[in-house]
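Chemist: Provided herewith: start_7.pdb, PDB, C-alpha atoms.
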MODEL        1
ATOM      1  CA  MET G1441      27.931  36.495 -11.871
ATOM      2  CA  ILE G1442      25.006  35.353 -13.952
ATOM      3  CA  SER G1443      21.880  34.012 -12.337
ATOM      4  CA  VAL G1444      18.750  32.552 -13.868
ATOM      5  CA  LYS G1445      15.710  34.350 -12.467
ATOM      6  CA  ARG G1446      12.880  32.758 -14.390
ATOM      7  CA  VAL G1447      12.340  29.797 -16.729
ATOM      8  CA  VAL G1448       9.228  28.712 -18.590
ATOM      9  CA  LEU G1449       9.252  24.986 -19.353
ATOM     10  CA  ASP G1450       7.127  22.742 -21.519
ATOM     11  CA  VAL G1451       6.809  19.442 -19.661
ATOM     12  CA  LEU G1452       5.032  16.145 -20.310
ATOM     13  CA  LYS G1453       4.136  14.135 -17.205
ATOM     14  CA  PRO G1454       2.018  11.107 -16.222
ATOM     15  CA  HIS G1455      -1.264  11.851 -14.382
ATOM     16  CA  HIS G1456       0.342  10.844 -11.095
ATOM     17  CA  PRO G1457       1.842  12.557  -9.144
ATOM     18  CA  ASN G1458      -0.761  15.275  -9.641
ATOM     19  CA  ALA G1459      -0.048  18.919 -10.521
ATOM     20  CA  LEU G1460       0.027  19.991  -6.882
ATOM     21  CA  GLU G1461       2.579  17.358  -5.846
ATOM     22  CA  PHE G1462       4.581  17.972  -9.008
ATOM     23  CA  SER G1463       4.884  21.730  -8.431
ATOM     24  CA  HIS G1464       5.489  21.175  -4.711
ATOM     25  CA  THR G1465       8.495  18.948  -5.452
ATOM     26  CA  ILE G1466       9.933  21.446  -7.943
ATOM     27  CA  ALA G1467       9.501  24.284  -5.424
ATOM     28  CA  GLU G1468      11.389  22.210  -2.825
ATOM     29  CA  VAL G1469      14.502  22.232  -5.064
ATOM     30  CA  GLY G1470      15.411  25.814  -4.082
ATOM     31  CA  PRO G1471      14.902  27.854  -0.933
ATOM     32  CA  ASP G1472      12.955  30.671  -2.606
ATOM     33  CA  TYR G1473      11.436  29.066  -5.709
ATOM     34  CA  ARG G1474       8.036  30.173  -6.849
ATOM     35  CA  VAL G1475       6.331  27.719  -9.192
ATOM     36  CA  HIS G1476       3.393  28.435 -11.430
ATOM     37  CA  LEU G1477       2.019  25.356 -13.182
ATOM     38  CA  THR G1478      -0.618  25.299 -15.913
ATOM     39  CA  VAL G1479      -2.068  22.090 -17.348
ATOM     40  CA  LEU G1480      -2.321  22.743 -21.091
ATOM     41  CA  GLU G1481      -3.543  19.385 -22.315
ATOM     42  CA  VAL G1482      -4.775  16.125 -20.808
ATOM     43  CA  ASP G1483      -4.407  12.814 -22.661
ATOM     44  CA  GLU G1484      -5.278   9.252 -21.667
ATOM     45  CA  ASN G1485      -2.028   8.674 -19.754
ATOM     46  CA  THR G1486      -0.243  12.022 -19.786
ATOM     47  CA  GLU G1487      -0.583  15.763 -19.185
ATOM     48  CA  THR G1488       1.214  18.583 -20.976
ATOM     49  CA  LEU G1489       2.224  21.364 -18.611
ATOM     50  CA  GLN G1490       3.651  24.810 -18.702
ATOM     51  CA  VAL G1491       5.849  25.212 -15.632
ATOM     52  CA  VAL G1492       7.104  28.669 -14.676
ATOM     53  CA  VAL G1493       9.849  28.696 -12.039
ATOM     54  CA  GLU G1494      11.015  31.953 -10.484
ATOM     55  CA  GLY G1495      13.789  32.394  -7.964
ATOM     56  CA  ASP G1496      16.875  34.382  -7.076
ATOM     57  CA  ALA G1497      19.283  31.857  -8.583
ATOM     58  CA  ILE G1498      17.564  28.943 -10.303
ATOM     59  CA  ASP G1499      19.506  25.679 -10.495
ATOM     60  CA  PHE G1500      18.223  24.409 -13.819
ATOM     61  CA  GLU G1501      19.969  21.012 -13.610
ATOM     62  CA  ALA G1502      18.357  20.329 -10.235
ATOM     63  CA  ILE G1503      14.921  21.228 -11.609
ATOM     64  CA  GLN G1504      15.444  18.934 -14.572
ATOM     65  CA  THR G1505      16.449  16.093 -12.228
ATOM     66  CA  ALA G1506      13.355  16.696 -10.068
ATOM     67  CA  ILE G1507      11.125  16.571 -13.164
ATOM     68  CA  SER G1508      12.751  13.304 -14.344
ATOM     69  CA  ASN G1509      12.467  11.749 -10.873
ATOM     70  CA  LEU G1510       8.738  12.443 -10.928
ATOM     71  CA  GLY G1511       8.439  10.673 -14.277
ATOM     72  CA  GLY G1512       8.171  13.901 -16.269
ATOM     73  CA  SER G1513       9.913  14.720 -19.499
ATOM     74  CA  LEU G1514      11.209  18.204 -20.322
ATOM     75  CA  HIS G1515      10.218  19.005 -23.904
ATOM     76  CA  SER G1516      11.502  22.537 -24.269
ATOM     77  CA  ILE G1517      12.622  25.687 -22.511
ATOM     78  CA  ASP G1518      10.193  28.306 -23.788
ATOM     79  CA  GLU G1519      11.361  31.390 -21.905
ATOM     80  CA  VAL G1520      14.361  32.345 -19.817
ATOM     81  CA  GLU G1521      15.153  35.403 -17.740
ATOM     82  CA  VAL G1522      18.800  35.778 -16.794
ATOM     83  CA  GLN G1523      20.448  38.563 -14.825
ATOM     84  CA  SER G1524      24.069  39.545 -14.707
ATOM     85  CA  ARG G1525      25.529  41.051 -11.538
ATOM     86  CA  PRO G1526      29.021  42.394 -10.930
ATOM     87  CA  ASP G1527      31.113  40.059  -8.739
ATOM     88  CA  ASN G1528      31.861  41.604  -5.329
ATOM     89  CA  ASP G1529      35.260  39.904  -4.878
TER      90      ASP G1529
ATOM     91  CA  MET D 685      18.728  12.379  11.123
ATOM     92  CA  THR D 686      16.929  10.716  14.023
ATOM     93  CA  ARG D 687      15.368   7.261  13.863
ATOM     94  CA  GLY D 688      11.912   8.869  14.087
ATOM     95  CA  SER D 689      12.477  11.165  11.109
ATOM     96  CA  ILE D 690      13.902   8.267   9.042
ATOM     97  CA  LEU D 691      10.723   6.310   9.773
ATOM     98  CA  ILE D 692       8.500   9.284   8.890
ATOM     99  CA  ASN D 693      10.395   9.779   5.597
ATOM    100  CA  LEU D 694      10.084   6.066   4.827
ATOM    101  CA  LEU D 695       6.333   6.121   5.485
ATOM    102  CA  LYS D 696       5.972   9.262   3.342
ATOM    103  CA  GLN D 697       7.872   7.540   0.532
ATOM    104  CA  VAL D 698       5.706   4.396   0.818
ATOM    105  CA  SER D 699       2.572   6.553   0.777
ATOM    106  CA  PHE D 700       3.888   8.441  -2.290
ATOM    107  CA  LEU D 701       4.664   5.219  -4.205
ATOM    108  CA  LEU D 702       1.228   3.761  -3.389
ATOM    109  CA  ARG D 703      -0.378   7.053  -4.448
ATOM    110  CA  ILE D 704       1.333   7.380  -7.834
ATOM    111  CA  THR D 705       0.550   3.765  -8.683
ATOM    112  CA  ARG D 706      -2.988   4.109  -7.259
ATOM    113  CA  THR D 707      -2.487   0.848  -5.344
ATOM    114  CA  ARG D 708      -3.552   1.982  -1.878
ATOM    115  CA  GLY D 709      -7.013   0.506  -2.538
ATOM    116  CA  ILE D 710      -5.488  -2.763  -3.777
ATOM    117  CA  ALA D 711      -3.385  -3.118  -0.607
ATOM    118  CA  ARG D 712      -6.441  -2.391   1.536
ATOM    119  CA  ARG D 713      -8.521  -4.927  -0.381
ATOM    120  CA  TYR D 714      -5.818  -7.589  -0.065
ATOM    121  CA  PHE D 715      -5.552  -6.897   3.661
ATOM    122  CA  VAL D 716      -9.272  -7.461   4.227
ATOM    123  CA  VAL D 717      -9.730 -10.369   1.799
ATOM    124  CA  ASN D 718      -6.730 -12.348   3.039
ATOM    125  CA  GLY D 719      -7.363 -11.396   6.649
ATOM    126  CA  PHE D 720     -10.854 -12.805   6.228
ATOM    127  CA  ASP D 721      -9.311 -15.963   4.713
ATOM    128  CA  GLY D 722      -7.013 -16.298   7.705
ATOM    129  CA  ALA D 723      -9.771 -15.811  10.251
ATOM    130  CA  LEU D 724     -12.147 -18.251   8.508
ATOM    131  CA  THR D 725      -9.414 -20.875   8.123
ATOM    132  CA  MET D 726      -8.557 -20.677  11.824
ATOM    133  CA  LEU D 727     -12.254 -20.782  12.717
ATOM    134  CA  GLY D 728     -12.691 -23.873  10.549
ATOM    135  CA  LEU D 729      -9.663 -25.644  11.984
ATOM    136  CA  ILE D 730     -10.552 -24.900  15.588
ATOM    137  CA  LEU D 731     -14.181 -25.914  15.067
ATOM    138  CA  GLY D 732     -12.961 -29.117  13.442
ATOM    139  CA  PHE D 733     -10.841 -29.881  16.488
ATOM    140  CA  LEU D 734     -13.714 -28.955  18.782
ATOM    141  CA  VAL D 735     -16.202 -31.381  17.229
ATOM    142  CA  SER D 736     -13.736 -34.238  16.722
ATOM    143  CA  THR D 737     -12.171 -36.473  19.364
ATOM    144  CA  PRO D 738     -10.351 -34.438  22.038
ATOM    145  CA  THR D 739      -6.860 -33.495  20.874
ATOM    146  CA  GLU D 740      -3.972 -32.118  22.905
ATOM    147  CA  LEU D 741      -3.386 -28.369  22.703
ATOM    148  CA  PRO D 742       0.196 -28.557  21.306
ATOM    149  CA  VAL D 743      -1.126 -30.614  18.364
ATOM    150  CA  ILE D 744      -3.913 -28.065  17.704
ATOM    151  CA  ILE D 745      -1.427 -25.165  17.967
ATOM    152  CA  SER D 746       0.999 -26.844  15.540
ATOM    153  CA  ALA D 747      -1.758 -27.596  13.023
ATOM    154  CA  CYS D 748      -3.139 -24.042  13.205
ATOM    155  CA  LEU D 749       0.326 -22.484  13.089
ATOM    156  CA  GLY D 750       1.185 -24.591  10.039
ATOM    157  CA  ALA D 751      -1.964 -23.400   8.284
ATOM    158  CA  ALA D 752      -1.257 -19.769   9.294
ATOM    159  CA  ILE D 753       2.308 -19.884   7.929
ATOM    160  CA  ALA D 754       1.099 -21.540   4.721
ATOM    161  CA  LEU D 755      -1.549 -18.828   4.303
ATOM    162  CA  GLY D 756       1.087 -16.141   4.881
ATOM    163  CA  MET D 757       3.515 -17.613   2.365
ATOM    164  CA  SER D 758       0.761 -18.191  -0.156
ATOM    165  CA  GLY D 759      -0.356 -14.575   0.287
ATOM    166  CA  ILE D 760       3.166 -13.198  -0.174
ATOM    167  CA  SER D 761       4.075 -15.273  -3.226
ATOM    168  CA  SER D 762       0.763 -14.990  -5.084
ATOM    169  CA  ALA D 763       0.479 -11.225  -4.568
ATOM    170  CA  TYR D 764       4.120 -10.642  -5.500
ATOM    171  CA  ILE D 765       3.932 -12.628  -8.747
ATOM    172  CA  SER D 766       0.683 -11.011  -9.883
ATOM    173  CA  GLU D 767       1.640  -7.474  -8.792
ATOM    174  CA  VAL D 768       5.074  -7.612 -10.469
ATOM    175  CA  ALA D 769       3.377  -8.500 -13.743
ATOM    176  CA  GLU D 770       0.736  -5.803 -13.253
ATOM    177  CA  ARG D 771       3.213  -3.021 -12.329
ATOM    178  CA  ARG D 772       5.535  -3.960 -15.232
ATOM    179  CA  ARG D 773       2.636  -3.797 -17.659
ATOM    180  CA  GLU D 774       1.521  -0.401 -16.328
ATOM    181  CA  LEU D 775       5.079   0.956 -16.427
ATOM    182  CA  ALA D 776       5.503  -0.229 -20.027
ATOM    183  CA  GLN D 777       2.223   1.473 -20.980
ATOM    184  CA  LEU D 778       3.316   4.692 -19.290
ATOM    185  CA  GLU D 779       6.750   4.551 -20.941
ATOM    186  CA  ALA D 780       5.074   4.124 -24.315
ATOM    187  CA  ALA D 781       2.829   7.141 -23.649
ATOM    188  CA  MET D 782       5.729   9.279 -22.377
ATOM    189  CA  VAL D 783       8.124   7.996 -25.084
ATOM    190  CA  THR D 784      10.835   7.804 -22.448
ATOM    191  CA  ASN D 785      12.504   5.342 -20.098
ATOM    192  CA  LEU D 786      10.996   5.675 -16.614
ATOM    193  CA  GLN D 787      13.151   3.070 -14.818
ATOM    194  CA  GLU D 788      15.025   5.754 -12.857
ATOM    195  CA  SER D 789      11.909   7.766 -12.025
ATOM    196  CA  ALA D 790       9.504   7.404  -9.106
ATOM    197  CA  HIS D 791       7.343   5.243 -11.388
ATOM    198  CA  GLY D 792      10.233   2.817 -12.005
ATOM    199  CA  GLU D 793      10.944   2.736  -8.272
ATOM    200  CA  ALA D 794       7.248   2.107  -7.600
ATOM    201  CA  ALA D 795       7.193  -0.770 -10.114
ATOM    202  CA  ARG D 796      10.023  -2.403  -8.129
ATOM    203  CA  TRP D 797       8.835  -1.689  -4.571
ATOM    204  CA  VAL D 798       5.029  -1.689  -4.702
ATOM    205  CA  PRO D 799       4.745  -5.450  -5.493
ATOM    206  CA  MET D 800       6.863  -6.167  -2.398
ATOM    207  CA  LEU D 801       4.758  -3.854  -0.209
ATOM    208  CA  ILE D 802       1.515  -5.382  -1.422
ATOM    209  CA  ALA D 803       2.938  -8.898  -1.021
ATOM    210  CA  ILE D 804       3.881  -8.114   2.590
ATOM    211  CA  VAL D 805       0.367  -6.786   3.296
ATOM    212  CA  ASN D 806      -1.211  -9.785   1.580
ATOM    213  CA  GLY D 807       0.929 -12.299   3.450
ATOM    214  CA  SER D 808       1.065 -10.664   6.863
ATOM    215  CA  SER D 809      -2.679 -10.042   7.090
ATOM    216  CA  PRO D 810      -3.793 -13.731   7.370
ATOM    217  CA  LEU D 811      -0.698 -14.593   9.406
ATOM    218  CA  LEU D 812      -1.242 -11.825  11.989
ATOM    219  CA  ILE D 813      -4.968 -12.470  12.256
ATOM    220  CA  SER D 814      -4.335 -16.203  12.683
ATOM    221  CA  LEU D 815      -1.724 -15.535  15.378
ATOM    222  CA  ILE D 816      -4.160 -13.292  17.291
ATOM    223  CA  ILE D 817      -6.783 -16.058  17.153
ATOM    224  CA  LEU D 818      -4.256 -18.571  18.480
ATOM    225  CA  VAL D 819      -3.375 -16.444  21.546
ATOM    226  CA  PRO D 820      -5.822 -18.224  23.929
ATOM    227  CA  LEU D 821      -4.376 -21.598  22.889
ATOM    228  CA  TRP D 822      -0.820 -20.434  23.672
ATOM    229  CA  LEU D 823      -1.879 -18.866  26.959
ATOM    230  CA  SER D 824      -3.626 -22.029  28.049
ATOM    231  CA  ASN D 825      -0.723 -24.181  26.858
ATOM    232  CA  ASN D 826       1.593 -22.082  29.032
ATOM    233  CA  GLY D 827      -0.490 -22.706  32.132
ATOM    234  CA  ILE D 828      -2.520 -19.491  32.173
ATOM    235  CA  VAL D 829      -6.071 -20.214  33.296
ATOM    236  CA  LEU D 830      -8.735 -18.639  31.074
ATOM    237  CA  PRO D 831     -12.371 -17.955  32.059
ATOM    238  CA  LEU D 832     -13.516 -20.308  29.266
ATOM    239  CA  SER D 833     -11.945 -23.152  27.283
ATOM    240  CA  PRO D 834      -9.094 -22.023  24.963
ATOM    241  CA  LEU D 835     -10.857 -23.368  21.859
ATOM    242  CA  HIS D 836     -14.044 -21.461  22.664
ATOM    243  CA  ALA D 837     -12.026 -18.307  23.434
ATOM    244  CA  ALA D 838     -10.216 -18.659  20.058
ATOM    245  CA  ILE D 839     -13.571 -19.036  18.263
ATOM    246  CA  ILE D 840     -14.899 -15.879  19.959
ATOM    247  CA  ILE D 841     -11.756 -13.943  18.929
ATOM    248  CA  ALA D 842     -12.089 -15.253  15.345
ATOM    249  CA  LEU D 843     -15.739 -14.141  15.166
ATOM    250  CA  LEU D 844     -14.844 -10.763  16.667
ATOM    251  CA  LEU D 845     -12.039 -10.233  14.123
ATOM    252  CA  ILE D 846     -14.334 -11.245  11.257
ATOM    253  CA  PHE D 847     -16.905  -8.735  12.509
ATOM    254  CA  LEU D 848     -14.202  -6.023  12.757
ATOM    255  CA  LEU D 849     -12.988  -6.722   9.195
ATOM    256  CA  GLY D 850     -16.557  -6.360   7.962
ATOM    257  CA  ALA D 851     -17.032  -3.183  10.001
ATOM    258  CA  TYR D 852     -13.796  -1.770   8.523
ATOM    259  CA  LEU D 853     -15.037  -2.566   4.994
ATOM    260  CA  GLY D 854     -18.320  -0.815   5.805
ATOM    261  CA  ARG D 855     -16.489   2.224   7.126
ATOM    262  CA  ILE D 856     -14.285   2.638   4.026
ATOM    263  CA  SER D 857     -17.157   2.051   1.626
ATOM    264  CA  GLY D 858     -19.355   4.588   3.432
ATOM    265  CA  ILE D 859     -22.128   2.154   4.351
ATOM    266  CA  SER D 860     -23.207   1.175   7.875
ATOM    267  CA  TRP D 861     -20.223  -0.416   9.650
ATOM    268  CA  LEU D 862     -22.597  -2.361  11.883
ATOM    269  CA  LEU D 863     -24.534  -3.848   8.968
ATOM    270  CA  SER D 864     -21.332  -4.691   7.110
ATOM    271  CA  GLY D 865     -19.865  -6.300  10.246
ATOM    272  CA  ILE D 866     -23.024  -8.349  10.796
ATOM    273  CA  LYS D 867     -22.927  -9.517   7.147
ATOM    274  CA  THR D 868     -19.371 -10.887   7.458
ATOM    275  CA  LEU D 869     -20.260 -12.376  10.821
ATOM    276  CA  LEU D 870     -23.183 -14.195   9.177
ATOM    277  CA  VAL D 871     -20.795 -15.667   6.592
ATOM    278  CA  ALA D 872     -18.636 -16.932   9.449
ATOM    279  CA  LEU D 873     -21.658 -18.372  11.270
ATOM    280  CA  VAL D 874     -22.861 -20.170   8.116
ATOM    281  CA  THR D 875     -19.326 -21.559   7.681
ATOM    282  CA  ALA D 876     -19.310 -22.699  11.300
ATOM    283  CA  MET D 877     -22.696 -24.347  10.841
ATOM    284  CA  LEU D 878     -21.535 -26.200   7.713
ATOM    285  CA  ILE D 879     -18.370 -27.413   9.444
ATOM    286  CA  TYR D 880     -20.427 -28.561  12.419
ATOM    287  CA  LEU D 881     -22.910 -30.411  10.185
ATOM    288  CA  PHE D 882     -20.244 -32.104   8.023
ATOM    289  CA  ALA D 883     -17.934 -32.931  10.910
ATOM    290  CA  ARG D 884     -20.801 -34.461  12.872
ATOM    291  CA  ALA D 885     -22.066 -36.489   9.906
TER     292      ALA D 885
ENDMDL
END
Could you quickly redo this structure as structure tokens?

Modeler:
Amino acid sequence: MISVKRVVLDVLKPHHPNALEFSHTIAEVGPDYRVHLTVLEVDENTETLQVVVEGDAIDFEAIQTAISNLGGSLHSIDEVEVQSRPDND
Amino acid sequence: MTRGSILINLLKQVSFLLRITRTRGIARRYFVVNGFDGALTMLGLILGFLVSTPTELPVIISACLGAAIALGMSGISSAYISEVAERRRELAQLEAAMVTNLQESAHGEAARWVPMLIAIVNGSSPLLISLIILVPLWLSNNGIVLPLSPLHAAIIIALLLIFLLGAYLGRISGISWLLSGIKTLLVALVTAMLIYLFARA
């Protein structure tokens, strides 16, 4: 079984919701997600972010949906950490 | 999910939509401005009835209720039309900046729902305030004896509500609530004086 342990995303988002609410909503996607958000650039209407999500088994699709629902746009996946484990059954 | 948790989630969602569109202040402003309109209109009508030839209570209630409903409908429709245009413009600007379609995002949802929420606040504020002012008239009309005449009681309630709206404005703007309340009360008293002078002339 392969699970995604860590992803680093480049995201563009409007100023609202703010960084705290944005990371809070992403963290709510999984039971053990740890989110580290850095604002890289601030424009008139938007902010460029680096979002690092760590967890035991990250559901990337769900994170992408959460970002879109908040009005954000995923520009690129900059880093990924994936782990393979032998299936028990 | 219990009814209570559904309501809490709904309120959280409303708060979130108002926050991302930064319209909480607009809703608050509409509430006070239109509430003030409602209270002053009722004050004017009741004072007009008070200084003119004696009129039966059901006639006064119908006239005031008609004005209150008209104020409510005017508040709903005007706020909805202007807010829809405003939210659409802001969403289009944001979509241009994001270079993406935001219709399915919280911002798209906000552009659809926030105008309705603000319209409800804008319309219900004068209607509710007018209905509160009319309570003594209804009570008296239903045979309940009041310590003073229903028209005078309604005027006192109107002045009290106008003072409270001013005090609320003072509280949110961080200035003295008492001073702010007295200021709005003075506006109401000047209005009352003008009505009295013109109606008597």

Chemist: Expand the PyMOL selection byres ((chain D) within 8 of (chain G)) into the individual residues it matches in the shown file, reporting them as a PyMOL selection string.

Modeler: chain D and resi 703-705+778+781-782+784+786+788-791

Chemist: Taking C-alpha atoms for each residue, export the selection above as a PDB file, keeping the file's coordinate frame.

Modeler:
ATOM      1  CA  ARG D 703      -0.378   7.053  -4.448  1.00  0.00           C
ATOM      2  CA  ILE D 704       1.333   7.380  -7.834  1.00  0.00           C
ATOM      3  CA  THR D 705       0.550   3.765  -8.683  1.00  0.00           C
ATOM      4  CA  LEU D 778       3.316   4.692 -19.290  1.00  0.00           C
ATOM      5  CA  ALA D 781       2.829   7.141 -23.649  1.00  0.00           C
ATOM      6  CA  MET D 782       5.729   9.279 -22.377  1.00  0.00           C
ATOM      7  CA  THR D 784      10.835   7.804 -22.448  1.00  0.00           C
ATOM      8  CA  LEU D 786      10.996   5.675 -16.614  1.00  0.00           C
ATOM      9  CA  GLU D 788      15.025   5.754 -12.857  1.00  0.00           C
ATOM     10  CA  SER D 789      11.909   7.766 -12.025  1.00  0.00           C
ATOM     11  CA  ALA D 790       9.504   7.404  -9.106  1.00  0.00           C
ATOM     12  CA  HIS D 791       7.343   5.243 -11.388  1.00  0.00           C
TER      13      HIS D 791
END

Chemist: Excluding region 852-857 of chain D and residues on its chain fewer than 6 positions from it, collect all residues at most 12 Å away from it, counting all atoms listed in the file, and give them as an MDAnalysis selection string.

Modeler: chainID D and resid 709 712:717 719:720 845:846 863:868

Chemist: Do a neighbour search on Leu1449 (chain G) at 8 Å with only C-alpha atoms, toss out local chain neighbours closer than 2 positions, and write the hits as a PyMOL selection string.

Modeler: chain G and resi 1447+1451+1489-1492+1514-1519

Chemist: Using C-alpha atoms, can you write the selected residues to a file as a short mmCIF file (atom, residue, chain, number, x, y, z; two decimals), in the frame of the given file?

Modeler:
data_model
loop_
_atom_site.label_atom_id
_atom_site.label_comp_id
_atom_site.auth_asym_id
_atom_site.auth_seq_id
_atom_site.Cartn_x
_atom_site.Cartn_y
_atom_site.Cartn_z
CA VAL G 1447 12.34 29.80 -16.73
CA VAL G 1451 6.81 19.44 -19.66
CA LEU G 1489 2.22 21.36 -18.61
CA GLN G 1490 3.65 24.81 -18.70
CA VAL G 1491 5.85 25.21 -15.63
CA VAL G 1492 7.10 28.67 -14.68
CA LEU G 1514 11.21 18.20 -20.32
CA HIS G 1515 10.22 19.00 -23.90
CA SER G 1516 11.50 22.54 -24.27
CA ILE G 1517 12.62 25.69 -22.51
CA ASP G 1518 10.19 28.31 -23.79
CA GLU G 1519 11.36 31.39 -21.90
#

Chemist: Would you kindly return, as a PyMOL selection string, each protein, DNA or RNA residue with an atom no farther than 12 Å from any atom of region 814-826 of chain D, considering all atoms listed in the file and excluding same-chain residues fewer than 6 positions away?

Modeler: chain D and resi 718-730+740-756+807-808+832-846

Chemist: Just want the 12 Å neighbourhood of Tyr880 (chain D), counted on all atoms listed in the file, with same-chain residues fewer than 5 positions away dropped. Output as a PyMOL selection string.

Modeler: chain D and resi 727-736+873-875+885

Chemist: Box for region 1505-1517 of chain G - axis-aligned, 8 Å on each of the six sides, all listed atoms - centre and size in Å to one decimal, as AutoDock Vina command-line options.

Modeler:
--center_x 12.3 --center_y 18.2 --center_z -17.2 --size_x 24.3 --size_y 31.0 --size_z 30.2

Chemist: Excluding Ile765 (chain D) and residues on its chain fewer than 2 positions from it, collect all residues at most 12 Å away from it, counting all atoms listed in the file, and give them as a short mmCIF file (atom, residue, chain, number, x, y, z; two decimals) with C-alpha atoms, in the coordinates of the input.

Modeler:
data_model
loop_
_atom_site.label_atom_id
_atom_site.label_comp_id
_atom_site.auth_asym_id
_atom_site.auth_seq_id
_atom_site.Cartn_x
_atom_site.Cartn_y
_atom_site.Cartn_z
CA SER D 758 0.76 -18.19 -0.16
CA GLY D 759 -0.36 -14.58 0.29
CA ILE D 760 3.17 -13.20 -0.17
CA SER D 761 4.08 -15.27 -3.23
CA SER D 762 0.76 -14.99 -5.08
CA ALA D 763 0.48 -11.22 -4.57
CA GLU D 767 1.64 -7.47 -8.79
CA VAL D 768 5.07 -7.61 -10.47
CA ALA D 769 3.38 -8.50 -13.74
CA GLU D 770 0.74 -5.80 -13.25
CA ARG D 771 3.21 -3.02 -12.33
CA ARG D 772 5.54 -3.96 -15.23
CA ARG D 796 10.02 -2.40 -8.13
CA VAL D 798 5.03 -1.69 -4.70
CA PRO D 799 4.74 -5.45 -5.49
CA MET D 800 6.86 -6.17 -2.40
CA ILE D 802 1.52 -5.38 -1.42
CA ALA D 803 2.94 -8.90 -1.02
CA ASN D 806 -1.21 -9.78 1.58
#

Chemist: Could you rebuild region 1479-1495 of chain G with N, CA and C atoms and give me the result as a JSON list (two decimals), keeping the file's coordinate frame?

Modeler:
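File rebuild.json, as written:
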[["chain", "number", "residue", "atom", "x", "y", "z"],
["G", 1479, "VAL", "N", -1.84, 23.30, -16.55],
["G", 1479, "VAL", "CA", -2.07, 22.09, -17.35],
["G", 1479, "VAL", "C", -2.64, 22.54, -18.69],
["G", 1480, "LEU", "N", -1.89, 22.28, -19.77],
["G", 1480, "LEU", "CA", -2.32, 22.74, -21.09],
["G", 1480, "LEU", "C", -3.17, 21.71, -21.81],
["G", 1481, "GLU", "N", -2.85, 20.43, -21.58],
["G", 1481, "GLU", "CA", -3.54, 19.39, -22.32],
["G", 1481, "GLU", "C", -3.56, 18.10, -21.48],
["G", 1482, "VAL", "N", -4.68, 17.39, -21.54],
["G", 1482, "VAL", "CA", -4.78, 16.12, -20.81],
["G", 1482, "VAL", "C", -5.06, 15.01, -21.80],
["G", 1483, "ASP", "N", -4.18, 13.99, -21.81],
["G", 1483, "ASP", "CA", -4.41, 12.81, -22.66],
["G", 1483, "ASP", "C", -4.78, 11.63, -21.79],
["G", 1484, "GLU", "N", -4.86, 10.44, -22.42],
["G", 1484, "GLU", "CA", -5.28, 9.25, -21.67],
["G", 1484, "GLU", "C", -4.32, 8.94, -20.51],
["G", 1485, "ASN", "N", -3.01, 9.03, -20.79],
["G", 1485, "ASN", "CA", -2.03, 8.67, -19.75],
["G", 1485, "ASN", "C", -1.15, 9.83, -19.31],
["G", 1486, "THR", "N", -1.20, 10.93, -20.05],
["G", 1486, "THR", "CA", -0.24, 12.02, -19.79],
["G", 1486, "THR", "C", -0.92, 13.39, -19.72],
["G", 1487, "GLU", "N", -0.14, 14.36, -19.22],
["G", 1487, "GLU", "CA", -0.58, 15.76, -19.18],
["G", 1487, "GLU", "C", 0.55, 16.63, -19.71],
["G", 1488, "THR", "N", 0.21, 17.62, -20.52],
["G", 1488, "THR", "CA", 1.21, 18.58, -20.98],
["G", 1488, "THR", "C", 1.09, 19.81, -20.09],
["G", 1489, "LEU", "N", 2.23, 20.25, -19.57],
["G", 1489, "LEU", "CA", 2.22, 21.36, -18.61],
["G", 1489, "LEU", "C", 3.09, 22.51, -19.08],
["G", 1490, "GLN", "N", 2.72, 23.69, -18.60],
["G", 1490, "GLN", "CA", 3.65, 24.81, -18.70],
["G", 1490, "GLN", "C", 4.06, 25.11, -17.26],
["G", 1491, "VAL", "N", 5.36, 25.00, -17.00],
["G", 1491, "VAL", "CA", 5.85, 25.21, -15.63],
["G", 1491, "VAL", "C", 6.72, 26.46, -15.62],
["G", 1492, "VAL", "N", 6.32, 27.44, -14.82],
["G", 1492, "VAL", "CA", 7.10, 28.67, -14.68],
["G", 1492, "VAL", "C", 7.78, 28.62, -13.31],
["G", 1493, "VAL", "N", 9.11, 28.70, -13.31],
["G", 1493, "VAL", "CA", 9.85, 28.70, -12.04],
["G", 1493, "VAL", "C", 10.56, 30.04, -11.90],
["G", 1494, "GLU", "N", 10.35, 30.68, -10.76],
["G", 1494, "GLU", "CA", 11.02, 31.95, -10.48],
["G", 1494, "GLU", "C", 11.81, 31.82, -9.19],
["G", 1495, "GLY", "N", 12.97, 32.45, -9.18],
["G", 1495, "GLY", "CA", 13.79, 32.39, -7.96],
["G", 1495, "GLY", "C", 14.98, 33.32, -8.11]]
